[in-house]
$ cat final_38.cif   # mmCIF, C-alpha atoms
data_my_file
#
loop_
_atom_site.label_atom_id
_atom_site.label_comp_id
_atom_site.auth_asym_id
_atom_site.auth_seq_id
_atom_site.Cartn_x
_atom_site.Cartn_y
_atom_site.Cartn_z
CA MET U 1 1.81 -31.19 48.55
CA THR U 2 1.12 -34.94 48.40
CA ALA U 3 -0.10 -36.24 51.76
CA ILE U 4 2.62 -38.62 53.00
CA GLN U 5 1.22 -41.67 54.79
CA ALA U 6 4.50 -43.39 55.71
CA VAL U 7 8.23 -43.30 54.99
CA TYR U 8 10.81 -46.11 55.35
CA VAL U 9 14.52 -46.59 54.79
CA ARG U 10 14.36 -50.12 53.44
CA GLU U 11 17.98 -50.96 52.65
CA TYR U 12 21.44 -49.67 51.84
CA GLU U 13 23.64 -50.25 48.84
CA GLU U 14 27.36 -49.77 48.25
CA ARG U 15 28.34 -48.06 45.00
CA SER U 16 31.73 -47.42 43.43
CA ASP U 17 30.99 -44.58 40.99
CA PRO U 18 32.44 -41.94 41.08
CA LYS U 19 34.13 -43.26 44.23
CA PRO U 20 33.13 -45.88 46.84
CA HIS U 21 30.17 -44.73 48.92
CA THR U 22 26.93 -46.00 50.49
CA VAL U 23 23.41 -44.94 49.54
CA TYR U 24 20.12 -45.65 51.33
CA ARG U 25 16.83 -46.50 49.65
CA ILE U 26 13.96 -44.39 50.98
CA GLU U 27 10.43 -45.60 50.27
CA VAL U 28 7.69 -42.97 50.46
CA GLN U 29 4.03 -44.02 50.60
CA ALA U 30 1.34 -41.45 49.76
CA SER U 31 -2.45 -41.74 49.66
CA VAL U 32 -2.68 -43.06 46.09
CA ARG U 33 0.88 -44.01 45.11
CA SER U 34 4.41 -44.63 46.36
CA TRP U 35 7.94 -44.00 45.11
CA GLN U 36 11.55 -44.39 46.23
CA MET U 37 14.62 -42.17 46.51
CA TRP U 38 18.32 -42.99 46.97
CA ARG U 39 20.23 -40.67 49.33
CA ARG U 40 23.71 -40.62 50.84
CA TYR U 41 24.37 -39.98 54.51
CA SER U 42 25.98 -36.65 53.63
CA GLU U 43 22.66 -35.56 52.07
CA PHE U 44 20.86 -36.47 55.31
CA ASP U 45 23.41 -34.36 57.19
CA GLU U 46 22.83 -31.39 54.85
CA LEU U 47 19.07 -31.77 55.23
CA ASN U 48 19.34 -31.76 59.03
CA ALA U 49 21.44 -28.57 58.98
CA GLU U 50 19.02 -26.89 56.54
CA LEU U 51 15.92 -27.78 58.61
CA THR U 52 17.56 -26.48 61.78
CA LYS U 53 18.49 -23.24 60.02
CA LEU U 54 15.05 -22.67 58.47
CA THR U 55 12.95 -23.48 61.53
CA GLU U 56 15.47 -22.35 64.19
CA SER U 57 14.77 -25.54 66.11
CA GLU U 58 16.12 -29.09 66.08
CA PRO U 59 14.03 -31.80 64.32
CA PRO U 60 12.09 -34.13 66.67
CA ALA U 61 14.66 -36.94 66.28
CA THR U 62 18.47 -36.90 66.29
CA LEU U 63 20.39 -37.78 63.14
CA PRO U 64 22.79 -40.75 63.58
CA SER U 65 26.29 -39.49 64.23
CA LYS U 66 29.23 -39.73 61.85
CA HIS U 67 31.91 -42.38 62.29
CA ILE U 68 35.32 -41.12 63.29
CA PHE U 69 37.22 -44.17 61.98
CA SER U 70 36.87 -44.58 58.23
CA PHE U 71 37.68 -48.32 58.30
CA ARG U 72 34.37 -48.96 60.13
CA LYS U 73 32.20 -47.29 57.51
CA ASN U 74 31.62 -50.55 55.60
CA ASP U 75 30.87 -52.63 58.69
CA PRO U 76 27.43 -54.27 58.01
CA LYS U 77 26.43 -53.90 61.66
CA ILE U 78 27.26 -50.17 61.63
CA LEU U 79 25.45 -49.65 58.32
CA GLU U 80 22.33 -51.43 59.60
CA GLU U 81 22.30 -49.31 62.76
CA ARG U 82 22.63 -46.18 60.66
CA ARG U 83 19.80 -47.32 58.34
CA ALA U 84 17.49 -47.80 61.33
CA GLY U 85 18.52 -44.43 62.76
CA LEU U 86 17.87 -42.63 59.48
CA GLU U 87 14.42 -44.24 59.22
CA THR U 88 13.59 -43.13 62.78
CA TYR U 89 14.75 -39.62 61.91
CA LEU U 90 12.48 -39.32 58.84
CA ARG U 91 9.45 -40.96 60.45
CA ALA U 92 9.71 -38.63 63.45
CA ILE U 93 9.48 -35.59 61.13
CA VAL U 94 6.57 -37.05 59.12
CA GLY U 95 4.65 -38.11 62.23
CA SER U 96 5.30 -35.00 64.33
CA LYS U 97 2.30 -32.91 65.41
CA ASP U 98 4.37 -29.84 64.54
CA SER U 99 4.53 -29.64 60.73
CA GLN U 100 7.17 -26.89 60.49
CA TRP U 101 9.94 -29.29 59.39
CA ARG U 102 7.99 -31.35 56.84
CA ASP U 103 6.39 -28.23 55.33
CA THR U 104 9.76 -26.85 54.24
CA THR U 105 10.79 -27.00 50.60
CA ALA U 106 14.07 -28.64 51.60
CA PHE U 107 12.30 -31.64 53.14
CA LYS U 108 9.88 -31.99 50.20
CA ASP U 109 12.74 -31.91 47.70
CA PHE U 110 14.74 -34.42 49.75
CA LEU U 111 11.88 -36.97 49.57
CA GLY U 112 11.02 -36.07 45.98
CA VAL U 113 7.49 -35.11 46.99
CA PRO U 114 5.44 -33.77 44.03
CA THR U 115 3.66 -30.49 44.69
CA GLY U 116 0.49 -31.64 42.97
CA LYS U 117 1.47 -29.91 39.70
CA HIS U 118 3.05 -31.71 36.78
CA GLY U 119 3.92 -28.48 35.06
CA VAL U 120 2.80 -24.95 34.36
CA VAL U 121 1.45 -23.80 31.01
CA GLY U 122 0.36 -20.20 30.54
CA GLY U 123 0.31 -19.63 34.31
CA GLU U 124 -2.12 -22.52 34.91
CA SER U 125 -1.32 -25.78 36.70
CA VAL U 126 -1.22 -28.95 34.61
CA PHE U 127 -2.14 -32.10 36.55
CA THR U 128 -1.62 -35.74 35.75
CA LEU U 129 -4.32 -38.28 36.67
CA SER U 130 -2.44 -39.34 39.82
CA SER U 131 -1.19 -35.89 40.90
CA TRP U 132 -4.77 -34.57 40.70
CA LEU U 133 -5.87 -37.23 43.21
CA ASP U 134 -2.87 -36.39 45.42
CA GLU U 135 -3.88 -32.73 45.48
CA GLN U 136 -7.50 -33.60 46.24
CA ALA U 137 -6.45 -35.80 49.18
CA ASP U 138 -4.21 -33.01 50.47
CA LEU U 139 -7.09 -30.53 50.29
CA GLN U 140 -9.28 -32.87 52.33
CA THR U 141 -6.55 -32.90 54.98
CA LEU U 142 -6.51 -29.10 54.90
CA VAL U 143 -10.30 -29.04 55.43
CA ARG U 144 -9.87 -31.19 58.54
CA ASP U 145 -7.13 -28.85 59.80
CA ILE U 146 -9.41 -25.82 59.42
CA ARG U 147 -12.21 -27.59 61.30
CA ALA U 148 -9.73 -28.39 64.08
CA ASP U 149 -8.72 -24.71 64.29
CA ILE U 150 -12.37 -23.64 64.50
CA ASN U 151 -13.09 -26.18 67.25
CA LYS U 152 -10.00 -24.96 69.10
CA ARG U 153 -11.22 -21.36 68.74
CA ASN U 154 -14.60 -22.28 70.19
CA ALA U 155 -13.06 -24.18 73.09
CA LEU U 156 -10.76 -21.28 73.96
CA ALA U 157 -13.69 -18.86 73.76
CA ASP U 158 -15.63 -21.03 76.20
CA MET U 159 -12.68 -20.85 78.62
CA GLY U 160 -12.50 -17.07 78.29
CA ASP U 161 -9.15 -17.04 76.45
CA VAL U 162 -9.88 -14.21 74.02
CA SER U 163 -6.32 -13.94 72.69
CA GLY U 164 -5.97 -17.66 71.99
CA SER U 165 -9.40 -17.78 70.38
CA HIS U 166 -8.49 -14.88 68.10
CA THR U 167 -5.19 -16.51 67.10
CA SER U 168 -6.93 -19.78 66.19
CA ASN U 169 -9.52 -17.89 64.17
CA VAL U 170 -6.81 -16.02 62.23
CA GLN U 171 -5.04 -19.31 61.44
CA ALA U 172 -8.31 -20.81 60.21
CA LYS U 173 -8.90 -17.79 57.94
CA LYS U 174 -5.41 -18.00 56.41
CA LYS U 175 -5.81 -21.71 55.70
CA LEU U 176 -9.29 -21.11 54.25
CA VAL U 177 -7.92 -18.53 51.80
CA ALA U 178 -5.28 -21.02 50.63
CA LEU U 179 -7.95 -23.72 50.38
CA LEU U 180 -10.18 -21.58 48.16
CA ASP U 181 -7.31 -20.82 45.78
CA ARG U 182 -6.24 -24.46 45.52
CA VAL U 183 -9.81 -25.72 45.01
CA GLY U 184 -10.15 -23.30 42.08
CA VAL U 185 -6.89 -24.59 40.60
CA LEU U 186 -8.09 -28.17 41.12
CA ALA U 187 -11.37 -27.47 39.28
CA ARG U 188 -9.54 -25.92 36.32
CA GLY U 189 -7.13 -28.85 36.30
CA LEU U 190 -10.08 -31.25 36.07
CA GLU U 191 -11.43 -29.35 33.06
CA ALA U 192 -8.04 -29.71 31.37
CA LEU U 193 -7.96 -33.45 32.10
CA GLY U 194 -11.46 -33.79 30.63
CA MET U 195 -10.34 -32.13 27.40
CA ARG U 196 -7.38 -34.53 27.23
CA GLY U 197 -9.66 -37.56 26.99
CA MET U 198 -10.76 -38.58 30.51
CA THR U 199 -13.75 -40.95 30.51
CA GLN U 200 -17.16 -39.47 31.28
CA GLY U 201 -17.68 -41.64 34.36
CA GLU U 202 -14.33 -40.72 35.90
CA LEU U 203 -14.90 -37.05 35.05
CA GLN U 204 -18.25 -37.14 36.82
CA ARG U 205 -16.73 -38.86 39.88
CA ARG U 206 -13.98 -36.26 40.20
CA GLY U 207 -16.46 -33.47 39.58
CA ASP U 208 -18.39 -34.68 42.62
CA MET U 209 -15.15 -34.53 44.64
CA VAL U 210 -14.63 -30.90 43.63
CA ALA U 211 -18.28 -30.08 44.43
CA ARG U 212 -17.88 -31.52 47.93
CA LEU U 213 -14.74 -29.47 48.48
CA GLN U 214 -16.54 -26.32 47.32
CA ASP U 215 -19.41 -27.09 49.72
CA ASP U 216 -16.87 -27.52 52.52
CA CYS U 217 -15.30 -24.16 51.63
CA GLU U 218 -18.66 -22.40 51.79
CA LYS U 219 -19.57 -24.01 55.08
CA LEU U 220 -16.17 -23.30 56.63
CA GLY U 221 -16.34 -19.69 55.47
CA LYS U 222 -19.60 -19.19 57.33
CA MET U 223 -18.21 -20.90 60.43
CA VAL U 224 -15.09 -18.74 60.43
CA VAL U 225 -16.86 -15.38 60.12
CA ALA U 226 -19.79 -16.26 62.38
CA ALA U 227 -19.69 -14.61 65.80
CA ARG U 228 -19.16 -17.17 68.53
CA GLN U 229 -21.82 -17.01 71.20
CA ALA U 230 -20.71 -17.89 74.72
CA SER U 231 -21.89 -21.36 75.58
CA ARG U 232 -21.44 -21.06 79.36
CA PRO U 233 -24.28 -19.66 81.55
CA LEU U 234 -23.91 -16.00 82.49
CA THR U 235 -24.42 -14.56 85.95
CA SER U 236 -27.02 -11.89 86.53
CA ALA U 237 -24.29 -9.25 86.92
CA ALA U 238 -22.51 -10.13 83.66
CA ARG U 239 -25.57 -10.89 81.60
CA GLU U 240 -25.78 -9.00 78.30
CA PRO U 241 -28.35 -6.20 78.00
CA GLY U 242 -31.67 -7.46 76.74
CA ALA U 243 -31.11 -11.03 77.94
CA GLY U 244 -33.72 -12.04 80.46
CA SER U 245 -33.09 -14.18 83.50
CA LEU U 246 -33.59 -17.94 83.43
CA SER U 247 -36.71 -17.60 85.57
CA ASP U 248 -38.18 -15.05 83.15
CA ARG U 249 -37.50 -17.37 80.22
CA ALA U 250 -39.08 -20.29 82.06
CA ALA U 251 -42.13 -18.20 82.88
CA LEU U 252 -42.39 -17.08 79.26
CA LEU U 253 -42.21 -20.63 77.90
CA ALA U 254 -44.46 -22.14 80.56
CA SER U 255 -48.20 -22.32 80.05
CA PRO U 256 -50.30 -20.04 82.29
CA PRO U 257 -52.47 -21.71 84.94
CA GLY U 258 -55.74 -22.91 83.56
CA ALA U 259 -54.69 -22.37 79.98
CA SER U 260 -55.32 -26.00 79.07
CA ALA U 261 -58.93 -25.74 80.24
CA LYS U 262 -59.63 -22.54 78.27
CA ARG U 263 -57.75 -23.55 75.11
CA PRO U 264 -60.10 -24.85 72.42
CA VAL U 265 -59.63 -28.34 71.15
CA ALA U 266 -57.58 -28.09 67.95
CA ARG U 267 -54.76 -29.78 66.16
CA VAL U 268 -51.35 -28.72 67.61
CA PHE U 269 -48.14 -29.04 65.62
CA GLY U 270 -44.89 -29.71 67.47
CA GLY U 271 -46.04 -29.10 71.03
CA PRO U 272 -44.63 -26.49 73.44
CA PRO U 273 -41.00 -25.41 72.92
CA GLN U 274 -38.41 -27.18 75.05
CA GLU U 275 -35.22 -25.62 76.42
CA THR U 276 -31.93 -27.47 75.82
CA GLU U 277 -28.37 -27.03 77.04
CA ALA U 278 -27.49 -25.42 73.71
CA THR U 279 -30.29 -22.81 73.78
CA ARG U 280 -30.53 -22.01 77.50
CA PRO U 281 -27.63 -19.50 77.68
CA LEU U 282 -28.51 -17.75 74.38
CA ASP U 283 -30.51 -14.60 73.83
CA ASP U 284 -32.77 -13.93 70.82
CA GLY U 285 -29.83 -13.13 68.54
CA GLY U 286 -27.99 -16.24 69.63
CA LEU U 287 -31.04 -18.44 69.05
CA PHE U 288 -31.48 -16.98 65.59
CA GLN U 289 -27.79 -17.58 64.77
CA LEU U 290 -27.99 -21.17 66.06
CA GLN U 291 -31.07 -21.88 63.95
CA LYS U 292 -29.41 -20.32 60.90
CA THR U 293 -26.26 -22.43 61.36
CA GLN U 294 -28.29 -25.64 61.70
CA MET U 295 -30.28 -24.82 58.56
CA GLU U 296 -27.06 -24.16 56.64
CA GLU U 297 -25.67 -27.52 57.77
CA GLN U 298 -28.86 -29.22 56.61
CA ASP U 299 -28.60 -27.43 53.25
CA THR U 300 -24.99 -28.60 52.88
CA GLN U 301 -25.93 -32.20 53.67
CA LEU U 302 -28.82 -31.99 51.20
CA ALA U 303 -26.44 -30.69 48.50
CA GLN U 304 -24.08 -33.60 49.15
CA LEU U 305 -26.98 -36.06 48.98
CA THR U 306 -28.10 -34.47 45.69
CA SER U 307 -24.61 -34.91 44.27
CA ILE U 308 -24.57 -38.57 45.30
CA LEU U 309 -28.01 -39.19 43.78
CA ARG U 310 -26.94 -37.48 40.56
CA ARG U 311 -23.96 -39.78 40.33
CA GLN U 312 -26.17 -42.83 41.01
CA ARG U 313 -28.46 -41.71 38.19
CA HIS U 314 -25.52 -41.52 35.78
CA LEU U 315 -24.38 -44.96 36.90
CA GLY U 316 -27.90 -46.32 36.37
CA SER U 317 -28.01 -44.88 32.87
CA ALA U 318 -24.63 -46.40 32.05
CA ILE U 319 -25.74 -49.80 33.38
CA SER U 320 -28.96 -49.58 31.33
CA ASN U 321 -26.98 -48.83 28.16
CA GLU U 322 -24.64 -51.70 28.88
CA ILE U 323 -27.57 -54.10 29.38
CA GLU U 324 -29.10 -53.01 26.07
CA GLN U 325 -25.81 -53.67 24.27
CA GLN U 326 -25.54 -57.08 25.93
CA ASN U 327 -29.10 -57.92 24.86
CA GLU U 328 -28.29 -56.98 21.27
CA MET U 329 -25.20 -59.15 21.38
CA LEU U 330 -27.26 -62.04 22.77
CA ASP U 331 -29.82 -61.58 19.98
CA ASP U 332 -27.04 -61.71 17.38
CA LEU U 333 -25.63 -64.82 19.03
CA SER U 334 -29.07 -66.45 18.99
CA ASN U 335 -29.47 -65.67 15.27
CA ASN U 336 -26.03 -67.11 14.55
CA VAL U 337 -26.91 -70.27 16.47
CA ASP U 338 -30.12 -70.62 14.44
CA ARG U 339 -28.20 -70.24 11.16
CA VAL U 340 -25.61 -72.80 12.22
CA GLY U 341 -28.41 -75.14 13.30
CA SER U 342 -30.05 -74.83 9.85
CA LYS U 343 -26.75 -75.53 8.12
CA LEU U 344 -26.18 -78.60 10.31
CA GLY U 345 -29.66 -79.83 9.53
CA ALA U 346 -29.02 -79.47 5.78
CA ALA U 347 -25.68 -81.25 6.10
CA ASN U 348 -27.30 -84.14 7.98
CA LYS U 349 -29.91 -84.55 5.19
CA GLN U 350 -27.14 -84.73 2.59
CA LEU U 351 -25.32 -87.33 4.68
CA ARG U 352 -28.48 -89.45 4.91
CA ARG U 353 -28.86 -89.30 1.12
CA LEU U 354 -25.29 -90.52 0.69
CA ASP U 355 -25.94 -93.39 3.08
#

$ encode --input "final_38.cif" --output "C-alpha cells"
Amino acid sequence: MTAIQAVYVREYEERSDPKPHTVYRIEVQASVRSWQMWRRYSEFDELNAELTKLTESEPPATLPSKHIFSFRKNDPKILEERRAGLETYLRAIVGSKDSQWRDTTAFKDFLGVPTGKHGVVGGESVFTLSSWLDEQADLQTLVRDIRADINKRNALADMGDVSGSHTSNVQAKKKLVALLDRVGVLARGLEALGMRGMTQGELQRRGDMVARLQDDCEKLGKMVVAARQASRPLTSAAREPGAGSLSDRAALLASPPGASAKRPVARVFGGPPQETEATRPLDDGGLFQLQKTQMEEQDTQLAQLTSILRRQRHLGSAISNEIEQQNEMLDDLSNNVDRVGSKLGAANKQLRRLD
C-alpha cells in the first residue's frame, strides 16, 4: 500500500444530481504523489460502521453526528464544522500508532489508495513509474517496522519477559516473510519497466534501491533467527555452565606479574584485549556470535558502499560521454564560425572593389 503522509478535507461542495446533496473533497498526500477524492457524509458513516465491525473497536476519533433537522443541513456554519470534524476523524486514523483501522481494505478503498500494482498480467504485478516508487517507499517503512519489533524483542528479553519477547519475534518473522515476497515482486516489476523503455540511468538508480532492500532483508533475517544473548550480568548461582566468574576472566586477561620484564622486545599488534560492557556478560559462544554479527554488519555496509560507488562510476561515464559530445559540437561551431568569417572576408573584398 502507498505510504500516506497526510490527509485533509479541504472543502465541501453542494451538488444537485441526482438530488441535492453535499460532498467533501479529500486530499491525500503520499510520499511521491497526491490525489483527491469526493465523498458524501453517508459514505463516511458507512466507513465508520465497517471499520468498527472489522476491527471490533471504535476508531480513535468520533465521526461528526448527523443533524436531526433537515433544514439545517445547508447551513454554512454547520457544514464547516462537519468538514473540520471529518478531517479530524481521518487524520486520527492515519496518525494512530495502532494501524488496524488504516490497514483494512475498506479504508484503503475509501481514500482511493493504490496497492502498488497497476494491474496483473499472467499472475505478475504490473507497475507504473509512480506506483513502483510508492511500493518501494512502503517497503522501506516495513523494514523500519521489523527493526522496531526486533529492538522490542531484545528489550523484553533483557527484562526477562520471555513471552513478550517471543511474540515480538514472531511478528518480526511474519513481516519479514511478507517483505521478501514484495521485494521479489518489486524486482520483477523493475525488469518489466526496463523492457518498456526506462532510461538506463533511472534503471540503475532503481536497481540500487532494490539491492539495498535485498541487503536489508538478508541482514534482518540473520537478526531474527539469531539467538539473543542476555545482556544483563548473571549471578554466580544463575550463571550458565562453562561461563567463568568475572574474577576468573579478569585474571585470564590480565598479564602475569613480571611478564613485561621477561617478554622479548617485539612488535605488538593491537595491544592487550579490553573488556567492554557489551562483552563482559558473554561467554565464549556469545563473544563469537557478537563478533559474527558485527562482521555481517560491516559486510552489509561495504555492499552498500560498493553499490553507491558503482552508481557514481556510471554517472562519471555518462558525464564523460556528455562532455565529449559537447566538445564535438563546439568543434563544429568553431568550424562554422571560420567558414562564415571567410565568406565575410570575401564579401568585404568585393565591396572594396565596387567602391

$ residues_around --input "final_38.cif" --residues "region 14-22 of chain U" --least-positions-apart "6" --cutoff "9 Å" --atoms "all atoms listed in the file" --output "JSON, numbers by chain"
{"U": [39, 40, 41, 73, 74, 79]}

$ residues_around --input "final_38.cif" --residues "Asn48 (chain U)" --least-positions-apart "4" --cutoff "9 Å" --atoms "all atoms listed in the file" --output "ChimeraX atom specification"
/U:43-44,52-53,58-59,62-63

$ resolve_selection --input "final_38.cif" --expression "the PyMOL selection byres ((chain U and resi 133-147) around 10)" --output "PyMOL selection string"
chain U and resi 1-4+30-33+114-117+127-132+148-153+168-169+171-176+178-180+182-183+185-186+206+209-210+212-213+216-217+220+223-224

$ atom_distance --input "final_38.cif" --atom1 "CA of Glu27 (chain U)" --atom2 "CA of Ala6 (chain U)"
8.3 Å

$ atom_distance --input "final_38.cif" --atom1 "CA of Tyr8 (chain U)" --atom2 "CA of Val28 (chain U)"
6.6 Å

$ atom_distance --input "final_38.cif" --atom1 "CA of Leu203 (chain U)" --atom2 "CA of His314 (chain U)"
11.5 Å

$ resolve_selection --input "final_38.cif" --expression "the PyMOL selection byres ((chain U and resi 51) around 10)" --output "PyMOL selection string"
chain U and resi 46-50+52-59+100-102+104-107
